[in-house]
Every structure is written in structure tokens, then in C-alpha cells.
Amino acid sequence: MLLVSMQNVEFGYSDVPCLHGASIDIFSGEFVAVTGPNGASKTTLLKLALGVLQPWKGKVELSPYNSEGSKLSVGYVSQQIAAFNGGFPSTILEFVRSGRYVRGSWFRKLKPLDHELTEQALRQVGMWELRYRKIGELSGGQKQRICIARALAQQPDLLVLDEPSTGMDQASRFGFYELMHHQVKEHGRTVVMVTHGLTEVQPYLDRIIELERKEEGGWKCCTTTSCSGHFAPVGS
Ligand SMILES: Nc1ncnc2c1ncn2[C@@H]1O[C@H](COP(=O)(O)OP(=O)(O)OP(=O)(O)O)[C@@H](O)[C@H]1O
């Protein structure tokens, strides 16, 4: 099922264009990487796909429904984790649990399932033991993990991640790729991830979307490459 469709999109900031002729499709149940050099408009592409930005020209459609016909839920982890400075007052547990409010009203009472999914997400990213720590005291890689946990706790149909493995050590990165692969293959989620570490993650992917500079005037366009997505976990 087609979740995101972008056709011939043009976009820029103020009157400076940065994306030209961008056409991509994202299907449910795919693990897709978006790659390209710094400033190639990868973040911009994600924001357009999610409807955060509106294209100058062309068409962007985000399906309102998932493959089961329910309302599509989207988890987004942005690049801006530096916002959690030393004074950020929440604990890890409170922050990740707050993701559960995204499913339903902000004023509803949390149920046992909400606590269960919060714990599960924190365990998945290896941060359960640190759950009472203040966010402002965490390292960059730890902050990244709890942002991922908050998105996972929402059980999103579509998970959109902007350079999520930044600040993670190598072992953590591979654990993270495996976790995302599992989310796609076992839970039917769709994962779209901006990355600069393509070589590492490629065995886990179904597809790569690449942003390239166009020769005439620095405009960008997309090419897509299919991958095997046949990563086999150790012991399988
Ligand atoms: N809010 C903004 N206002 C003006 N220009 C912007 C804004 N955000 C991004 N840009 C410009 O748009 C272009 C694409 O930026 P974008 O952040 O999408 O690139 P990126 O591929 O994600 O980069 P990186 O790999 O460095 O994170 C860049 O030239 C950037 O300077």
C-alpha cells in the first residue's frame, strides 16, 4: 500500500530553491534510507512528505489510513536533540511515556498498556535501567535513544527518523538497525530514515532514496535503488 507519494515536487526557503523534480513513493512495510551530502535537502524532503512544509509545485500525498484501514499514526524523530539542554526537567521515563498521549487525548488517564509499551520501548533502546535520570544529564547518543524510544512507544505505522544514529557507538548503531529491521519485518511498520552511514545499514534496507545535485544550477533530484533487505539476525 502506498503511504507517501511525492510527484515532481519543487520547494525552497524564502525564494531560494533547494529541491527540484523530487518524485518518491513510500510503501507500507518498507525500510527505506534517504541519503545525500550535507545540505542536499534530506530533512526538507521528510518535512514535505509529512506535510510540515508545503511544496511550491508538484503533489505530496500522505495516506490518512494504514494498511488495516485505521488512522495512520506517524512517529517522527528530528535532528534537533540539542534542545534538551542541562535544564530540561523531565526524567527519561516521563519523556518516553508522554509519547503515549499522542495516541488519543492529552487529558486521558494512562492505562496499563501505556506503561507496558513505555517499558518495552525503553528496554528496546537499552535505557530502561536509566529511566529515572533527568534528560538534561544524558549524553548525545543517549538522548538520541530516548527520542527513538518515545517514537516506538507510540507504535507508529510510519516511523520517520532524521539521522537517528548520530552520536551512537558502532555496537549501538548495529543494534538500532536490527531493531528497525525487526519493526518492519515483524510488526509491519514502515521506517524512513535519513542517514550518512549507508554502507553499514544497507544490508537491512529495502530501498535507498538518494538526493543528488543537478548539474544545472544546484537543484536536486531523487534516484532510488532497491536493496535486498535480507539481513538475517544472528541465530536465525
Ligand atoms: N529554515 C530554513 N530556512 C532557510 N534555509 C533553510 C532552512 N532549512 C534548511 N535550509 C536550507 O535548505 C537546504 C537543505 O537543507 P536540509 O536541512 O534539508 O539539508 P540536509 O540534506 O538535511 O542536510 P544535512 O545532511 O546537513 O542535515 C540547505 O541549503 C539549507 O541551508
# chains A, B, ... in the order shown; residues from 1 in each chain; ligands from 1
call {"tool": "select_by_dssp", "arguments": {"residues": "region 39-87 of chain A", "states": "strand (DSSP E)", "output": "number ranges by chain"}}
result
A: 57-62, 74-77
call {"tool": "residues_around", "arguments": {"residues": "Asp162 (chain A)", "least_positions_apart": "3", "cutoff": "6 Å", "atoms": "only C-alpha atoms", "output": "list in words"}}
result
Ser78, Gln79, Met193 and Val194 of chain A
call {"tool": "residues_near_ligand", "arguments": {"ligand": "ligand 1", "cutoff": "6 Å", "atoms": "only C-alpha atoms and all ligand atoms", "output": "list in words"}}
result
Tyr13, Cys18, Pro37, Asn38, Gly39, Ala40, Ser41, Lys42, Thr43 and Thr44 of chain A
call {"tool": "select_by_dssp", "arguments": {"residues": "region 9-228 of chain A", "states": "helix (DSSP H, G or I)", "output": "JSON list (two decimals) with N, CA and C atoms, in the first residue's frame"}}
result
[["chain", "number", "residue", "atom", "x", "y", "z"],
["A", 42, "LYS", "N", 17.64, 16.56, 2.56],
["A", 42, "LYS", "CA", 17.06, 15.32, 3.09],
["A", 42, "LYS", "C", 16.00, 15.63, 4.16],
["A", 43, "THR", "N", 16.35, 16.51, 5.11],
["A", 43, "THR", "CA", 15.39, 16.90, 6.14],
["A", 43, "THR", "C", 14.18, 17.57, 5.51],
["A", 44, "THR", "N", 14.45, 18.41, 4.53],
["A", 44, "THR", "CA", 13.37, 19.11, 3.83],
["A", 44, "THR", "C", 12.43, 18.11, 3.16],
["A", 45, "LEU", "N", 13.01, 17.08, 2.56],
["A", 45, "LEU", "CA", 12.21, 16.04, 1.89],
["A", 45, "LEU", "C", 11.28, 15.35, 2.90],
["A", 46, "LEU", "N", 11.82, 15.03, 4.08],
["A", 46, "LEU", "CA", 10.99, 14.38, 5.11],
["A", 46, "LEU", "C", 9.85, 15.30, 5.55],
["A", 47, "LYS", "N", 10.18, 16.58, 5.75],
["A", 47, "LYS", "CA", 9.16, 17.53, 6.21],
["A", 47, "LYS", "C", 8.07, 17.73, 5.17],
["A", 48, "LEU", "N", 8.46, 17.69, 3.90],
["A", 48, "LEU", "CA", 7.46, 17.79, 2.83],
["A", 48, "LEU", "C", 6.58, 16.54, 2.83],
["A", 49, "ALA", "N", 7.22, 15.38, 3.01],
["A", 49, "ALA", "CA", 6.46, 14.11, 2.99],
["A", 49, "ALA", "C", 5.44, 14.08, 4.12],
["A", 81, "ILE", "N", 18.05, 17.27, 18.66],
["A", 81, "ILE", "CA", 18.09, 16.82, 20.05],
["A", 81, "ILE", "C", 18.88, 17.75, 20.96],
["A", 82, "ALA", "N", 19.67, 18.65, 20.37],
["A", 82, "ALA", "CA", 20.45, 19.58, 21.19],
["A", 82, "ALA", "C", 19.55, 20.44, 22.06],
["A", 83, "ALA", "N", 18.25, 20.49, 21.73],
["A", 83, "ALA", "CA", 17.29, 21.29, 22.50],
["A", 83, "ALA", "C", 17.20, 20.81, 23.95],
["A", 92, "ILE", "N", 13.69, 10.49, 31.97],
["A", 92, "ILE", "CA", 13.59, 9.69, 30.75],
["A", 92, "ILE", "C", 12.21, 9.03, 30.69],
["A", 93, "LEU", "N", 11.79, 8.46, 31.83],
["A", 93, "LEU", "CA", 10.52, 7.74, 31.87],
["A", 93, "LEU", "C", 9.36, 8.66, 31.50],
["A", 94, "GLU", "N", 9.34, 9.86, 32.09],
["A", 94, "GLU", "CA", 8.24, 10.81, 31.81],
["A", 94, "GLU", "C", 8.24, 11.19, 30.33],
["A", 95, "PHE", "N", 9.43, 11.42, 29.81],
["A", 95, "PHE", "CA", 9.53, 11.85, 28.41],
["A", 95, "PHE", "C", 9.03, 10.76, 27.46],
["A", 96, "VAL", "N", 9.49, 9.54, 27.66],
["A", 96, "VAL", "CA", 9.09, 8.46, 26.74],
["A", 96, "VAL", "C", 7.60, 8.15, 26.91],
["A", 97, "ARG", "N", 7.13, 8.17, 28.16],
["A", 97, "ARG", "CA", 5.71, 7.90, 28.43],
["A", 97, "ARG", "C", 4.81, 8.96, 27.78],
["A", 98, "SER", "N", 5.31, 10.19, 27.67],
["A", 98, "SER", "CA", 4.49, 11.26, 27.08],
["A", 98, "SER", "C", 4.14, 10.95, 25.62],
["A", 99, "GLY", "N", 4.95, 10.09, 25.00],
["A", 99, "GLY", "CA", 4.64, 9.67, 23.62],
["A", 99, "GLY", "C", 3.30, 8.95, 23.52],
["A", 100, "ARG", "N", 2.88, 8.33, 24.61],
["A", 100, "ARG", "CA", 1.62, 7.58, 24.60],
["A", 100, "ARG", "C", 0.41, 8.51, 24.50],
["A", 101, "TYR", "N", 0.59, 9.78, 24.93],
["A", 101, "TYR", "CA", -0.54, 10.72, 24.82],
["A", 101, "TYR", "C", -0.84, 11.05, 23.37],
["A", 102, "VAL", "N", 0.16, 10.83, 22.52],
["A", 102, "VAL", "CA", -0.06, 11.11, 21.11],
["A", 102, "VAL", "C", -1.17, 10.21, 20.56],
["A", 112, "PRO", "N", -2.69, 0.59, 31.80],
["A", 112, "PRO", "CA", -1.56, -0.35, 31.94],
["A", 112, "PRO", "C", -0.81, -0.56, 30.62],
["A", 113, "LEU", "N", -1.54, -0.60, 29.51],
["A", 113, "LEU", "CA", -0.88, -0.81, 28.21],
["A", 113, "LEU", "C", 0.12, 0.32, 27.90],
["A", 114, "ASP", "N", -0.24, 1.54, 28.30],
["A", 114, "ASP", "CA", 0.67, 2.67, 28.06],
["A", 114, "ASP", "C", 2.00, 2.47, 28.81],
["A", 115, "HIS", "N", 1.88, 2.01, 30.05],
["A", 115, "HIS", "CA", 3.09, 1.79, 30.86],
["A", 115, "HIS", "C", 3.90, 0.62, 30.30],
["A", 116, "GLU", "N", 3.16, -0.40, 29.84],
["A", 116, "GLU", "CA", 3.82, -1.58, 29.27],
["A", 116, "GLU", "C", 4.62, -1.21, 28.01],
["A", 117, "LEU", "N", 3.99, -0.42, 27.14],
["A", 117, "LEU", "CA", 4.66, -0.05, 25.88],
["A", 117, "LEU", "C", 5.82, 0.91, 26.12],
["A", 118, "THR", "N", 5.68, 1.74, 27.16],
["A", 118, "THR", "CA", 6.79, 2.64, 27.53],
["A", 118, "THR", "C", 7.99, 1.82, 27.98],
["A", 119, "GLU", "N", 7.71, 0.84, 28.84],
["A", 119, "GLU", "CA", 8.81, -0.01, 29.34],
["A", 119, "GLU", "C", 9.45, -0.78, 28.18],
["A", 120, "GLN", "N", 8.60, -1.34, 27.33],
["A", 120, "GLN", "CA", 9.10, -2.12, 26.19],
["A", 120, "GLN", "C", 10.02, -1.27, 25.31],
["A", 121, "ALA", "N", 9.58, -0.04, 25.01],
["A", 121, "ALA", "CA", 10.38, 0.84, 24.14],
["A", 121, "ALA", "C", 11.71, 1.19, 24.80],
["A", 122, "LEU", "N", 11.66, 1.46, 26.11],
["A", 122, "LEU", "CA", 12.90, 1.81, 26.81],
["A", 122, "LEU", "C", 13.86, 0.63, 26.86],
["A", 123, "ARG", "N", 13.31, -0.57, 27.04],
["A", 123, "ARG", "CA", 14.17, -1.75, 27.02],
["A", 123, "ARG", "C", 14.75, -1.97, 25.63],
["A", 124, "GLN", "N", 13.95, -1.71, 24.59],
["A", 124, "GLN", "CA", 14.42, -1.93, 23.22],
["A", 124, "GLN", "C", 15.63, -1.06, 22.88],
["A", 128, "TRP", "N", 16.15, 1.37, 29.89],
["A", 128, "TRP", "CA", 15.22, 1.13, 31.00],
["A", 128, "TRP", "C", 15.89, 1.33, 32.36],
["A", 129, "GLU", "N", 17.12, 0.85, 32.48],
["A", 129, "GLU", "CA", 17.82, 0.95, 33.78],
["A", 129, "GLU", "C", 18.04, 2.42, 34.18],
["A", 130, "LEU", "N", 18.10, 3.30, 33.21],
["A", 130, "LEU", "CA", 18.38, 4.72, 33.49],
["A", 130, "LEU", "C", 17.11, 5.56, 33.54],
["A", 135, "ILE", "N", 16.71, 14.10, 31.65],
["A", 135, "ILE", "CA", 17.14, 14.11, 30.26],
["A", 135, "ILE", "C", 18.35, 15.02, 30.03],
["A", 136, "GLY", "N", 18.35, 16.16, 30.75],
["A", 136, "GLY", "CA", 19.44, 17.12, 30.58],
["A", 136, "GLY", "C", 20.81, 16.57, 30.95],
["A", 137, "GLU", "N", 20.82, 15.44, 31.69],
["A", 137, "GLU", "CA", 22.10, 14.87, 32.13],
["A", 137, "GLU", "C", 22.64, 13.82, 31.17],
["A", 140, "GLY", "N", 24.78, 12.70, 24.14],
["A", 140, "GLY", "CA", 24.09, 12.86, 22.86],
["A", 140, "GLY", "C", 23.49, 11.55, 22.35],
["A", 141, "GLY", "N", 24.26, 10.47, 22.44],
["A", 141, "GLY", "CA", 23.77, 9.17, 21.96],
["A", 141, "GLY", "C", 22.60, 8.67, 22.79],
["A", 142, "GLN", "N", 22.64, 8.94, 24.11],
["A", 142, "GLN", "CA", 21.53, 8.52, 25.00],
["A", 142, "GLN", "C", 20.26, 9.32, 24.69],
["A", 143, "LYS", "N", 20.44, 10.62, 24.43],
["A", 143, "LYS", "CA", 19.27, 11.45, 24.08],
["A", 143, "LYS", "C", 18.64, 10.93, 22.80],
["A", 144, "GLN", "N", 19.50, 10.56, 21.86],
["A", 144, "GLN", "CA", 19.01, 10.03, 20.59],
["A", 144, "GLN", "C", 18.16, 8.78, 20.84],
["A", 145, "ARG", "N", 18.66, 7.91, 21.72],
["A", 145, "ARG", "CA", 17.94, 6.66, 22.00],
["A", 145, "ARG", "C", 16.57, 6.91, 22.63],
["A", 146, "ILE", "N", 16.49, 7.89, 23.55],
["A", 146, "ILE", "CA", 15.19, 8.08, 24.20],
["A", 146, "ILE", "C", 14.19, 8.73, 23.25],
["A", 147, "CYS", "N", 14.70, 9.51, 22.28],
["A", 147, "CYS", "CA", 13.78, 10.07, 21.27],
["A", 147, "CYS", "C", 13.23, 8.93, 20.41],
["A", 148, "ILE", "N", 14.08, 7.97, 20.11],
["A", 148, "ILE", "CA", 13.63, 6.80, 19.34],
["A", 148, "ILE", "C", 12.62, 6.00, 20.16],
["A", 149, "ALA", "N", 12.93, 5.84, 21.46],
["A", 149, "ALA", "CA", 12.01, 5.09, 22.34],
["A", 149, "ALA", "C", 10.65, 5.76, 22.40],
["A", 150, "ARG", "N", 10.64, 7.09, 22.48],
["A", 150, "ARG", "CA", 9.36, 7.82, 22.56],
["A", 150, "ARG", "C", 8.54, 7.57, 21.28],
["A", 151, "ALA", "N", 9.23, 7.56, 20.15],
["A", 151, "ALA", "CA", 8.52, 7.28, 18.89],
["A", 151, "ALA", "C", 8.04, 5.83, 18.85],
["A", 152, "LEU", "N", 8.87, 4.90, 19.32],
["A", 152, "LEU", "CA", 8.48, 3.48, 19.31],
["A", 152, "LEU", "C", 7.29, 3.21, 20.23],
["A", 153, "ALA", "N", 7.26, 3.94, 21.38],
["A", 153, "ALA", "CA", 6.17, 3.75, 22.34],
["A", 153, "ALA", "C", 4.81, 4.12, 21.73],
["A", 170, "GLN", "N", 29.41, 2.20, 17.52],
["A", 170, "GLN", "CA", 29.16, 1.24, 16.44],
["A", 170, "GLN", "C", 28.23, 0.10, 16.85],
["A", 171, "ALA", "N", 28.47, -0.47, 18.05],
["A", 171, "ALA", "CA", 27.63, -1.58, 18.51],
["A", 171, "ALA", "C", 26.17, -1.12, 18.65],
["A", 172, "SER", "N", 25.97, 0.09, 19.17],
["A", 172, "SER", "CA", 24.62, 0.62, 19.34],
["A", 172, "SER", "C", 23.96, 0.84, 17.98],
["A", 173, "ARG", "N", 24.75, 1.31, 17.01],
["A", 173, "ARG", "CA", 24.17, 1.55, 15.67],
["A", 173, "ARG", "C", 23.66, 0.25, 15.07],
["A", 174, "PHE", "N", 24.47, -0.81, 15.16],
["A", 174, "PHE", "CA", 24.03, -2.09, 14.57],
["A", 174, "PHE", "C", 22.81, -2.64, 15.32],
["A", 175, "GLY", "N", 22.81, -2.46, 16.64],
["A", 175, "GLY", "CA", 21.64, -2.88, 17.42],
["A", 175, "GLY", "C", 20.40, -2.12, 16.98],
["A", 176, "PHE", "N", 20.60, -0.84, 16.71],
["A", 176, "PHE", "CA", 19.49, 0.02, 16.29],
["A", 176, "PHE", "C", 18.98, -0.40, 14.89],
["A", 177, "TYR", "N", 19.90, -0.67, 13.96],
["A", 177, "TYR", "CA", 19.45, -1.10, 12.61],
["A", 177, "TYR", "C", 18.65, -2.39, 12.71],
["A", 178, "GLU", "N", 19.14, -3.29, 13.57],
["A", 178, "GLU", "CA", 18.46, -4.57, 13.74],
["A", 178, "GLU", "C", 17.06, -4.36, 14.31],
["A", 179, "LEU", "N", 16.98, -3.43, 15.27],
["A", 179, "LEU", "CA", 15.68, -3.11, 15.89],
["A", 179, "LEU", "C", 14.71, -2.56, 14.84],
["A", 180, "MET", "N", 15.18, -1.67, 13.98],
["A", 180, "MET", "CA", 14.31, -1.10, 12.95],
["A", 180, "MET", "C", 13.89, -2.17, 11.94],
["A", 181, "HIS", "N", 14.85, -3.01, 11.58],
["A", 181, "HIS", "CA", 14.55, -4.11, 10.65],
["A", 181, "HIS", "C", 13.46, -5.00, 11.23],
["A", 182, "HIS", "N", 13.56, -5.27, 12.53],
["A", 182, "HIS", "CA", 12.57, -6.08, 13.22],
["A", 182, "HIS", "C", 11.19, -5.39, 13.22],
["A", 183, "GLN", "N", 11.20, -4.08, 13.44],
["A", 183, "GLN", "CA", 9.93, -3.32, 13.44],
["A", 183, "GLN", "C", 9.23, -3.45, 12.09],
["A", 184, "VAL", "N", 10.04, -3.46, 11.03],
["A", 184, "VAL", "CA", 9.48, -3.53, 9.68],
["A", 184, "VAL", "C", 9.01, -4.95, 9.37],
["A", 185, "LYS", "N", 9.90, -5.93, 9.58],
["A", 185, "LYS", "CA", 9.60, -7.29, 9.15],
["A", 185, "LYS", "C", 8.63, -8.02, 10.08],
["A", 186, "GLU", "N", 8.70, -7.74, 11.39],
["A", 186, "GLU", "CA", 7.85, -8.47, 12.33],
["A", 186, "GLU", "C", 6.58, -7.71, 12.70],
["A", 187, "HIS", "N", 6.64, -6.38, 12.67],
["A", 187, "HIS", "CA", 5.47, -5.61, 13.10],
["A", 187, "HIS", "C", 4.81, -4.86, 11.95],
["A", 198, "LEU", "N", 25.45, 4.82, 4.98],
["A", 198, "LEU", "CA", 24.75, 3.89, 4.11],
["A", 198, "LEU", "C", 25.38, 2.50, 4.06],
["A", 199, "THR", "N", 26.70, 2.45, 4.03],
["A", 199, "THR", "CA", 27.37, 1.15, 3.88],
["A", 199, "THR", "C", 26.96, 0.21, 5.02],
["A", 200, "GLU", "N", 26.92, 0.78, 6.23],
["A", 200, "GLU", "CA", 26.58, -0.04, 7.40],
["A", 200, "GLU", "C", 25.14, -0.56, 7.36],
["A", 201, "VAL", "N", 24.25, 0.32, 6.97],
["A", 201, "VAL", "CA", 22.82, -0.01, 7.13],
["A", 201, "VAL", "C", 22.24, -0.74, 5.91],
["A", 202, "GLN", "N", 22.97, -0.69, 4.80],
["A", 202, "GLN", "CA", 22.42, -1.22, 3.54],
["A", 202, "GLN", "C", 21.87, -2.66, 3.63],
["A", 203, "PRO", "N", 22.56, -3.60, 4.33],
["A", 203, "PRO", "CA", 22.03, -4.96, 4.38],
["A", 203, "PRO", "C", 20.65, -5.07, 5.02],
["A", 204, "TYR", "N", 20.27, -4.05, 5.78],
["A", 204, "TYR", "CA", 18.99, -4.10, 6.49],
["A", 204, "TYR", "C", 17.86, -3.46, 5.67]]
call {"tool": "atom_distance", "arguments": {"atom1": "CA of Asn66 (chain A)", "atom2": "CA of Thr224 (chain A)"}}
result
23.2 Å
call {"tool": "closest_residue", "arguments": {"among": "A:Phe88, A:Tyr76, A:Phe11, A:Tyr132", "to": "Lys57 (chain A)", "atoms": "only C-alpha atoms"}}
result
A:Phe11
